[in-house]
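Colleague: What follows is the file protein14.cif, containing mmCIF, C-alpha atoms:
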data_work
loop_
_atom_site.label_atom_id
_atom_site.label_comp_id
_atom_site.auth_asym_id
_atom_site.auth_seq_id
_atom_site.Cartn_x
_atom_site.Cartn_y
_atom_site.Cartn_z
CA MET A 29 117.56 91.50 70.64
CA LYS A 30 113.86 90.90 70.08
CA THR A 31 114.28 87.37 71.43
CA LEU A 32 116.01 88.64 74.57
CA LYS A 33 113.27 91.25 75.06
CA TYR A 34 110.59 88.58 74.73
CA ILE A 35 112.38 86.34 77.24
CA SER A 36 112.69 89.26 79.69
CA ILE A 37 108.96 90.00 79.47
CA LEU A 38 108.18 86.31 79.95
CA ILE A 39 110.40 86.15 83.08
CA ILE A 40 108.66 89.23 84.50
CA LEU A 41 105.23 87.70 83.92
CA ILE A 42 106.30 84.43 85.52
CA GLY A 43 107.61 86.35 88.53
CA VAL A 44 104.35 88.25 88.83
CA SER A 45 102.44 84.99 88.60
CA VAL A 46 104.53 83.50 91.43
CA PHE A 47 103.93 86.61 93.58
CA PHE A 48 100.19 86.46 93.12
CA HIS A 49 99.75 82.70 93.45
CA ARG A 50 101.77 82.04 96.59
CA CYS A 51 98.65 82.75 98.65
CA SER A 52 96.56 80.20 100.49
CA LYS A 53 94.97 77.48 98.36
CA GLU A 54 91.58 78.42 99.75
CA ASN A 55 91.52 81.20 97.15
CA ALA A 56 92.39 79.00 94.16
CA ASN A 57 88.80 78.61 92.97
CA VAL A 58 87.93 82.31 92.81
CA VAL A 59 86.53 83.18 89.37
CA VAL A 60 85.90 86.59 87.81
CA ASP A 61 82.25 87.33 87.07
CA ASP A 62 81.92 87.36 83.26
CA SER A 63 79.17 89.98 83.35
CA ILE A 64 81.54 92.88 84.09
CA ASN A 65 79.48 95.24 81.93
CA ASN A 66 76.55 94.83 84.30
CA SER A 67 76.28 98.02 86.37
CA SER A 68 73.47 96.76 88.60
CA ILE A 69 73.90 96.06 92.29
CA ILE A 70 73.52 92.44 93.33
CA GLU A 71 72.26 92.17 96.89
CA ASN A 72 72.10 88.83 98.67
CA ARG A 73 71.05 88.69 102.30
CA GLU A 74 72.98 86.18 104.35
CA THR A 75 74.69 85.78 107.72
CA ALA A 76 78.07 87.28 108.50
CA SER A 77 81.18 85.16 108.01
CA GLU A 78 83.75 84.48 110.72
CA GLU A 79 86.14 86.87 108.94
CA SER A 80 83.91 89.86 109.63
CA CYS A 81 85.30 92.61 111.86
CA PHE A 82 81.77 93.64 112.80
CA THR A 83 79.59 91.67 115.22
CA PRO A 84 75.95 92.30 114.20
CA TYR A 85 73.46 93.17 116.89
CA ASP A 86 69.67 92.85 116.92
CA GLY A 87 68.06 94.80 114.10
CA CYS A 88 70.98 94.57 111.65
CA THR A 89 70.36 93.01 108.25
CA PRO A 90 73.48 91.88 106.32
CA ILE A 91 73.49 92.55 102.58
CA ILE A 92 76.19 91.12 100.32
CA VAL A 93 76.94 93.65 97.57
CA ASP A 94 78.62 92.87 94.26
CA THR A 95 78.57 95.77 91.83
CA PHE A 96 80.51 97.49 89.03
CA MET A 97 81.23 101.22 89.06
CA TYR A 98 83.46 103.97 87.67
CA ILE A 99 85.48 105.74 90.36
CA PRO A 100 88.16 108.46 90.37
CA PHE A 101 91.53 107.08 91.46
CA TYR A 102 94.27 109.14 93.11
CA TYR A 103 97.85 108.12 93.79
CA GLN A 104 100.30 110.31 95.71
CA ASP A 105 97.88 113.25 95.53
CA SER A 106 97.58 113.00 91.74
CA LEU A 107 94.48 111.99 89.76
CA ILE A 108 95.58 108.89 87.85
CA CYS A 109 92.16 107.97 86.39
CA ASP A 110 89.02 110.09 86.43
CA SER A 111 86.82 107.05 85.83
CA LEU A 112 88.53 103.76 86.68
CA TYR A 113 86.18 100.82 86.10
CA VAL A 114 86.13 98.55 89.16
CA ARG A 115 84.23 95.70 90.71
CA ILE A 116 83.29 96.41 94.33
CA ARG A 117 82.39 93.62 96.74
CA LEU A 118 81.54 94.18 100.39
CA THR A 119 79.00 93.49 103.12
CA VAL A 120 76.59 96.22 104.22
CA TYR A 121 74.75 95.84 107.52
CA ASP A 122 71.56 97.89 107.59
CA CYS A 123 71.00 98.70 111.27
CA GLY A 124 68.36 101.44 110.92
CA SER A 125 69.95 104.86 111.40
CA ASN A 126 73.36 103.20 111.38
CA LEU A 127 74.99 101.51 108.37
CA VAL A 128 78.04 99.29 108.64
CA PHE A 129 80.36 98.57 105.70
CA ASP A 130 82.67 95.58 106.07
CA LYS A 131 84.96 93.23 104.11
CA SER A 132 85.40 95.43 101.03
CA ILE A 133 87.40 94.22 98.04
CA VAL A 134 87.93 96.29 94.89
CA ASP A 135 89.08 94.77 91.58
CA PRO A 136 90.48 97.00 88.78
CA LEU A 137 88.88 96.06 85.47
CA GLY A 138 91.30 97.36 82.91
CA ASN A 139 89.87 100.48 81.26
CA CYS A 140 92.58 102.95 82.36
CA GLY A 141 96.02 102.74 80.77
CA ALA A 142 97.53 105.06 83.39
CA PHE A 143 96.56 102.63 86.18
CA ASP A 144 97.89 99.68 84.19
CA SER A 145 101.25 101.44 83.71
CA LEU A 146 101.41 102.37 87.40
CA PHE A 147 100.64 98.81 88.45
CA TRP A 148 103.27 97.22 86.21
CA ASP A 149 105.88 99.80 87.20
CA ILE A 150 105.34 98.98 90.88
CA VAL A 151 105.34 95.21 90.21
CA ILE A 152 108.58 95.37 88.20
CA ASN A 153 110.49 98.03 90.15
CA GLY A 154 108.93 97.87 93.62
CA THR A 155 108.52 95.32 96.36
CA ASP A 156 105.68 93.05 97.45
CA ASP A 157 104.80 95.65 100.08
CA ASP A 158 104.60 98.35 97.39
CA VAL A 159 102.08 96.27 95.43
CA ALA A 160 100.08 95.64 98.60
CA LYS A 161 100.05 99.40 99.36
CA LEU A 162 98.66 100.11 95.88
CA LEU A 163 95.87 97.56 96.42
CA ASP A 164 95.21 99.10 99.86
CA ILE A 165 94.83 102.55 98.30
CA LEU A 166 92.51 101.23 95.59
CA ASN A 167 90.44 99.32 98.13
CA TYR A 168 90.06 102.32 100.43
CA GLN A 169 89.12 104.78 97.69
CA GLY A 170 86.65 102.35 96.15
CA SER A 171 85.02 101.59 99.49
CA VAL A 172 84.65 105.30 100.36
CA PHE A 173 83.14 106.01 96.93
CA TYR A 174 80.63 103.20 97.35
CA GLU A 175 79.83 104.21 100.94
CA ARG A 176 78.89 107.74 99.81
CA PHE A 177 76.89 106.36 96.89
CA TYR A 178 74.93 103.97 99.13
CA VAL A 179 74.32 106.53 101.89
CA LYS A 180 73.15 109.19 99.44
CA LYS A 181 70.64 106.76 97.95
CA ARG A 182 69.30 105.91 101.40
CA LEU A 183 69.03 109.56 102.46
CA ILE A 184 67.25 110.60 99.26
CA ASN A 185 64.76 107.76 99.71
CA GLY A 186 64.23 108.88 103.32
CA GLY A 187 63.15 112.33 102.15
CA GLN A 188 64.51 114.28 105.16
CA GLU A 189 67.29 116.87 105.02
CA CYS A 190 69.84 118.06 107.61
CA PRO A 191 69.71 117.92 110.55
CA LEU A 192 66.73 115.51 110.80
CA GLY A 193 67.63 112.85 108.26
CA GLN A 194 71.05 111.70 109.46
CA LEU A 195 72.82 108.41 108.90
CA THR A 196 75.99 107.21 110.57
CA ALA A 197 78.21 104.98 108.44
CA ASP A 198 80.85 102.81 110.08
CA TYR A 199 83.48 101.29 107.81
CA TYR A 200 85.19 98.27 109.41
CA SER A 201 88.53 96.99 108.17
CA SER A 202 90.74 94.11 109.25
CA ILE A 203 94.40 95.08 109.61
CA CYS A 204 95.66 91.49 109.61
CA TYR A 205 95.46 90.16 106.06
CA GLN A 206 97.43 89.37 102.93
CA TRP A 207 96.33 90.48 99.48
CA CYS A 208 96.00 87.79 96.82
CA ALA A 209 95.33 88.60 93.19
CA GLU A 210 95.00 86.68 89.97
CA ILE A 211 95.81 88.46 86.72
CA MET A 212 93.05 87.37 84.33
CA SER A 213 94.16 89.33 81.24
CA LYS A 214 96.77 88.22 78.72
CA PRO A 215 99.95 90.22 77.94
CA GLY A 216 99.06 93.27 75.83
CA GLU A 217 95.44 93.36 77.03
CA PRO A 218 94.04 95.90 79.52
CA LEU A 219 94.88 94.82 83.06
CA LEU A 220 92.15 92.69 84.66
CA ILE A 221 92.77 91.53 88.22
CA ASN A 222 90.65 89.37 90.50
CA VAL A 223 91.52 90.34 94.09
CA SER A 224 90.91 88.45 97.34
CA LYS A 225 92.18 88.50 100.93
CA VAL A 226 93.60 85.91 103.28
CA TYR A 227 92.86 86.96 106.87
CA CYS A 228 95.68 86.34 109.33
CA GLY A 229 94.03 87.33 112.61
CA LYS A 230 91.27 89.32 114.28
CA LYS A 231 92.40 92.93 114.71
CA CYS A 232 90.21 95.68 113.32
CA CYS A 233 89.82 99.40 112.94
CA VAL A 234 86.69 101.44 112.19
CA LYS A 235 86.03 104.73 110.39
CA SER A 236 82.83 106.53 111.45
CA THR A 237 81.17 109.27 109.40
CA THR A 238 77.81 111.00 109.84
CA TYR A 239 75.94 112.05 106.68
CA CYS A 240 72.89 114.11 105.79
CA MET A 241 71.45 115.74 102.65
CA LYS A 242 71.11 119.51 102.24
CA ASN A 243 69.64 121.02 99.06
CA GLY A 244 70.41 117.83 97.18
CA VAL A 245 74.07 117.73 98.27
CA LEU A 246 75.55 115.03 100.50
CA ASN A 247 77.08 116.57 103.64
CA SER A 248 79.42 114.63 105.91
CA THR A 249 81.39 115.07 109.11
CA THR A 250 85.13 114.53 109.29
CA PRO A 251 85.71 110.76 109.62
CA VAL A 252 86.72 109.53 113.07
CA PHE A 253 89.09 106.54 113.24
CA GLN A 254 89.47 104.15 116.14
CA SER A 255 90.87 100.68 116.76
#
Render the structure in this file as structure tokens.
Modeller:
Amino acid sequence: MKTLKYISILIILIGVSVFFHRCSKENANVVVDDSINNSSIIENRETASEESCFTPYDGCTPIIVDTFMYIPFYYQDSLICDSLYVRIRLTVYDCGSNLVFDKSIVDPLGNCGAFDSLFWDIVINGTDDDVAKLLDILNYQGSVFYERFYVKKRLINGGQECPLGQLTADYYSSICYQWCAEIMSKPGEPLLINVSKVYCGKKCCVKSTTYCMKNGVLNSTTPVFQS
């Protein structure tokens, strides 16, 4: 029986490997940053890539962000992890009173057993679309958490409170892409996934939110979505 159980687990892992590696070869050389305990923000200024949904205008400075954070993670209205450790990568365009967040990717870094169990349950019992939906949820929640973190830092440094010190944050997202992910951890270890996207076309949506600080608390309007 133990042998059959081992073979079943091996078949599942092989199936998962096939699911995650059927993506474009252009992602084959992606490597996880070994310094995952580094909580600092790495900012590199460079030009926008062709995959960007946002077309920069005069006065916008692109900043490539690669950072590690703890975020709360919710699934189906339930708190799954109060502090899921993730790697967040995205491009921030600093356009003065307007900030643009684009091309976000969030990797789960294996410190929450509840997330690991949820992931494997969906992989084993769900469909490819179910796995993609989970990665969509993680990506959205991580990007919103980082957006609020970044905006709050900017507003505090600006020193002005509502209604004078306002910032508008636009979060751009492509809706034509395929998730690709490489499982870096071994069986029995906390789940460590390196996530990437293959873009399939140029169709985007944007979420706009206006923020300001009042008595040390970040205030925000209801997000407005448009295609």
Colleague: If you measure from CA of Ile92 (chain A) to CA of Ala160 (chain A), what distance in Å do you get, rounded to one decimal?
Modeller: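 For CA of Ile92 (chain A) relative to CA of Ala160 (chain A), the distance reads 24.4 Å.
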Colleague: Could you spell out the hits of the PyMOL selection byres ((chain A and resi 173) around 12) on the shown file, as an NGL selection string?
Modeller: :A and (96-101 or 111-112 or 114 or 116 or 129 or 132 or 134 or 166-172 or 174-180 or 199)
Colleague: Given the point (99.4, 89.7, 110.6) in the file's coordinates, find the residues that have an atom at most 9 Å from it, counting all atoms listed in the file, and give them as a short mmCIF file (atom, residue, chain, number, x, y, z; two decimals) with C-alpha atoms, in the coordinates of the input.
Modeller:
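Output below, filename out.cif:
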data_model
loop_
_atom_site.label_atom_id
_atom_site.label_comp_id
_atom_site.auth_asym_id
_atom_site.auth_seq_id
_atom_site.Cartn_x
_atom_site.Cartn_y
_atom_site.Cartn_z
CA ILE A 203 94.40 95.08 109.61
CA CYS A 204 95.66 91.49 109.61
CA TYR A 205 95.46 90.16 106.06
CA GLN A 206 97.43 89.37 102.93
CA TYR A 227 92.86 86.96 106.87
CA CYS A 228 95.68 86.34 109.33
CA GLY A 229 94.03 87.33 112.61
CA LYS A 230 91.27 89.32 114.28
CA LYS A 231 92.40 92.93 114.71
#
Colleague: Nearest to Leu118 (chain A) among A:Thr83, A:Ser213, A:Ser201, A:Ser106, with distances taken over only C-alpha atoms: which residue is it?
Modeller: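 Result for the nearest residue to Leu118 (chain A): A:Ser201.
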Colleague: Taking the file as shown, what set of residues would the PyMOL selection byres ((chain A and resi 207) around 9) give back, as a ChimeraX atom specification?
Modeller: /A:48,51,160,163-164,205-206,208-209,223-227
Colleague: May I have the selected residues written with C-alpha atoms, as a PDB file, keeping the file's coordinate frame?
Modeller:
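What follows is the written file out_8.pdb:
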ATOM      1  CA  PHE A  48     100.190  86.460  93.120  1.00  0.00           C
ATOM      2  CA  CYS A  51      98.650  82.750  98.650  1.00  0.00           C
ATOM      3  CA  ALA A 160     100.080  95.640  98.600  1.00  0.00           C
ATOM      4  CA  LEU A 163      95.870  97.560  96.420  1.00  0.00           C
ATOM      5  CA  ASP A 164      95.210  99.100  99.860  1.00  0.00           C
ATOM      6  CA  TYR A 205      95.460  90.160 106.060  1.00  0.00           C
ATOM      7  CA  GLN A 206      97.430  89.370 102.930  1.00  0.00           C
ATOM      8  CA  CYS A 208      96.000  87.790  96.820  1.00  0.00           C
ATOM      9  CA  ALA A 209      95.330  88.600  93.190  1.00  0.00           C
ATOM     10  CA  VAL A 223      91.520  90.340  94.090  1.00  0.00           C
ATOM     11  CA  SER A 224      90.910  88.450  97.340  1.00  0.00           C
ATOM     12  CA  LYS A 225      92.180  88.500 100.930  1.00  0.00           C
ATOM     13  CA  VAL A 226      93.600  85.910 103.280  1.00  0.00           C
ATOM     14  CA  TYR A 227      92.860  86.960 106.870  1.00  0.00           C
TER      15      TYR A 227
END
Colleague: Please work out which residues fall within 6 Å of (88.3, 98.6, 112.5), coordinates as given in the file, with only C-alpha atoms counting, and return them as a list in words.
Modeller: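 The requested residues, written out, are Tyr200, Ser201, Cys232, Cys233, Val234 and Ser255 of chain A.
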Colleague: Could you state which residues are captured by the PyMOL selection byres ((chain A and resi 251) around 7) in this file, as a PyMOL selection string?
Modeller: chain A and resi 235-237+249-250+252-253
Colleague: Give the answer as one residue: which of A:Asp86, A:Glu189, A:Asp135, A:Asp130 has the shortest atom-to-atom distance to Leu220 (chain A), using all atoms listed in the file?
Modeller: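 Using all atoms listed in the file, Leu220 (chain A) sits closest to A:Asp135.
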Colleague: Find, counting all atoms listed in the file, the residue in A:Gly216, A:Arg117, A:Ile108, A:Phe82 that gets nearest to Thr95 (chain A).
Modeller: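 Of all the options, A:Arg117 lies closest to Thr95 (chain A).
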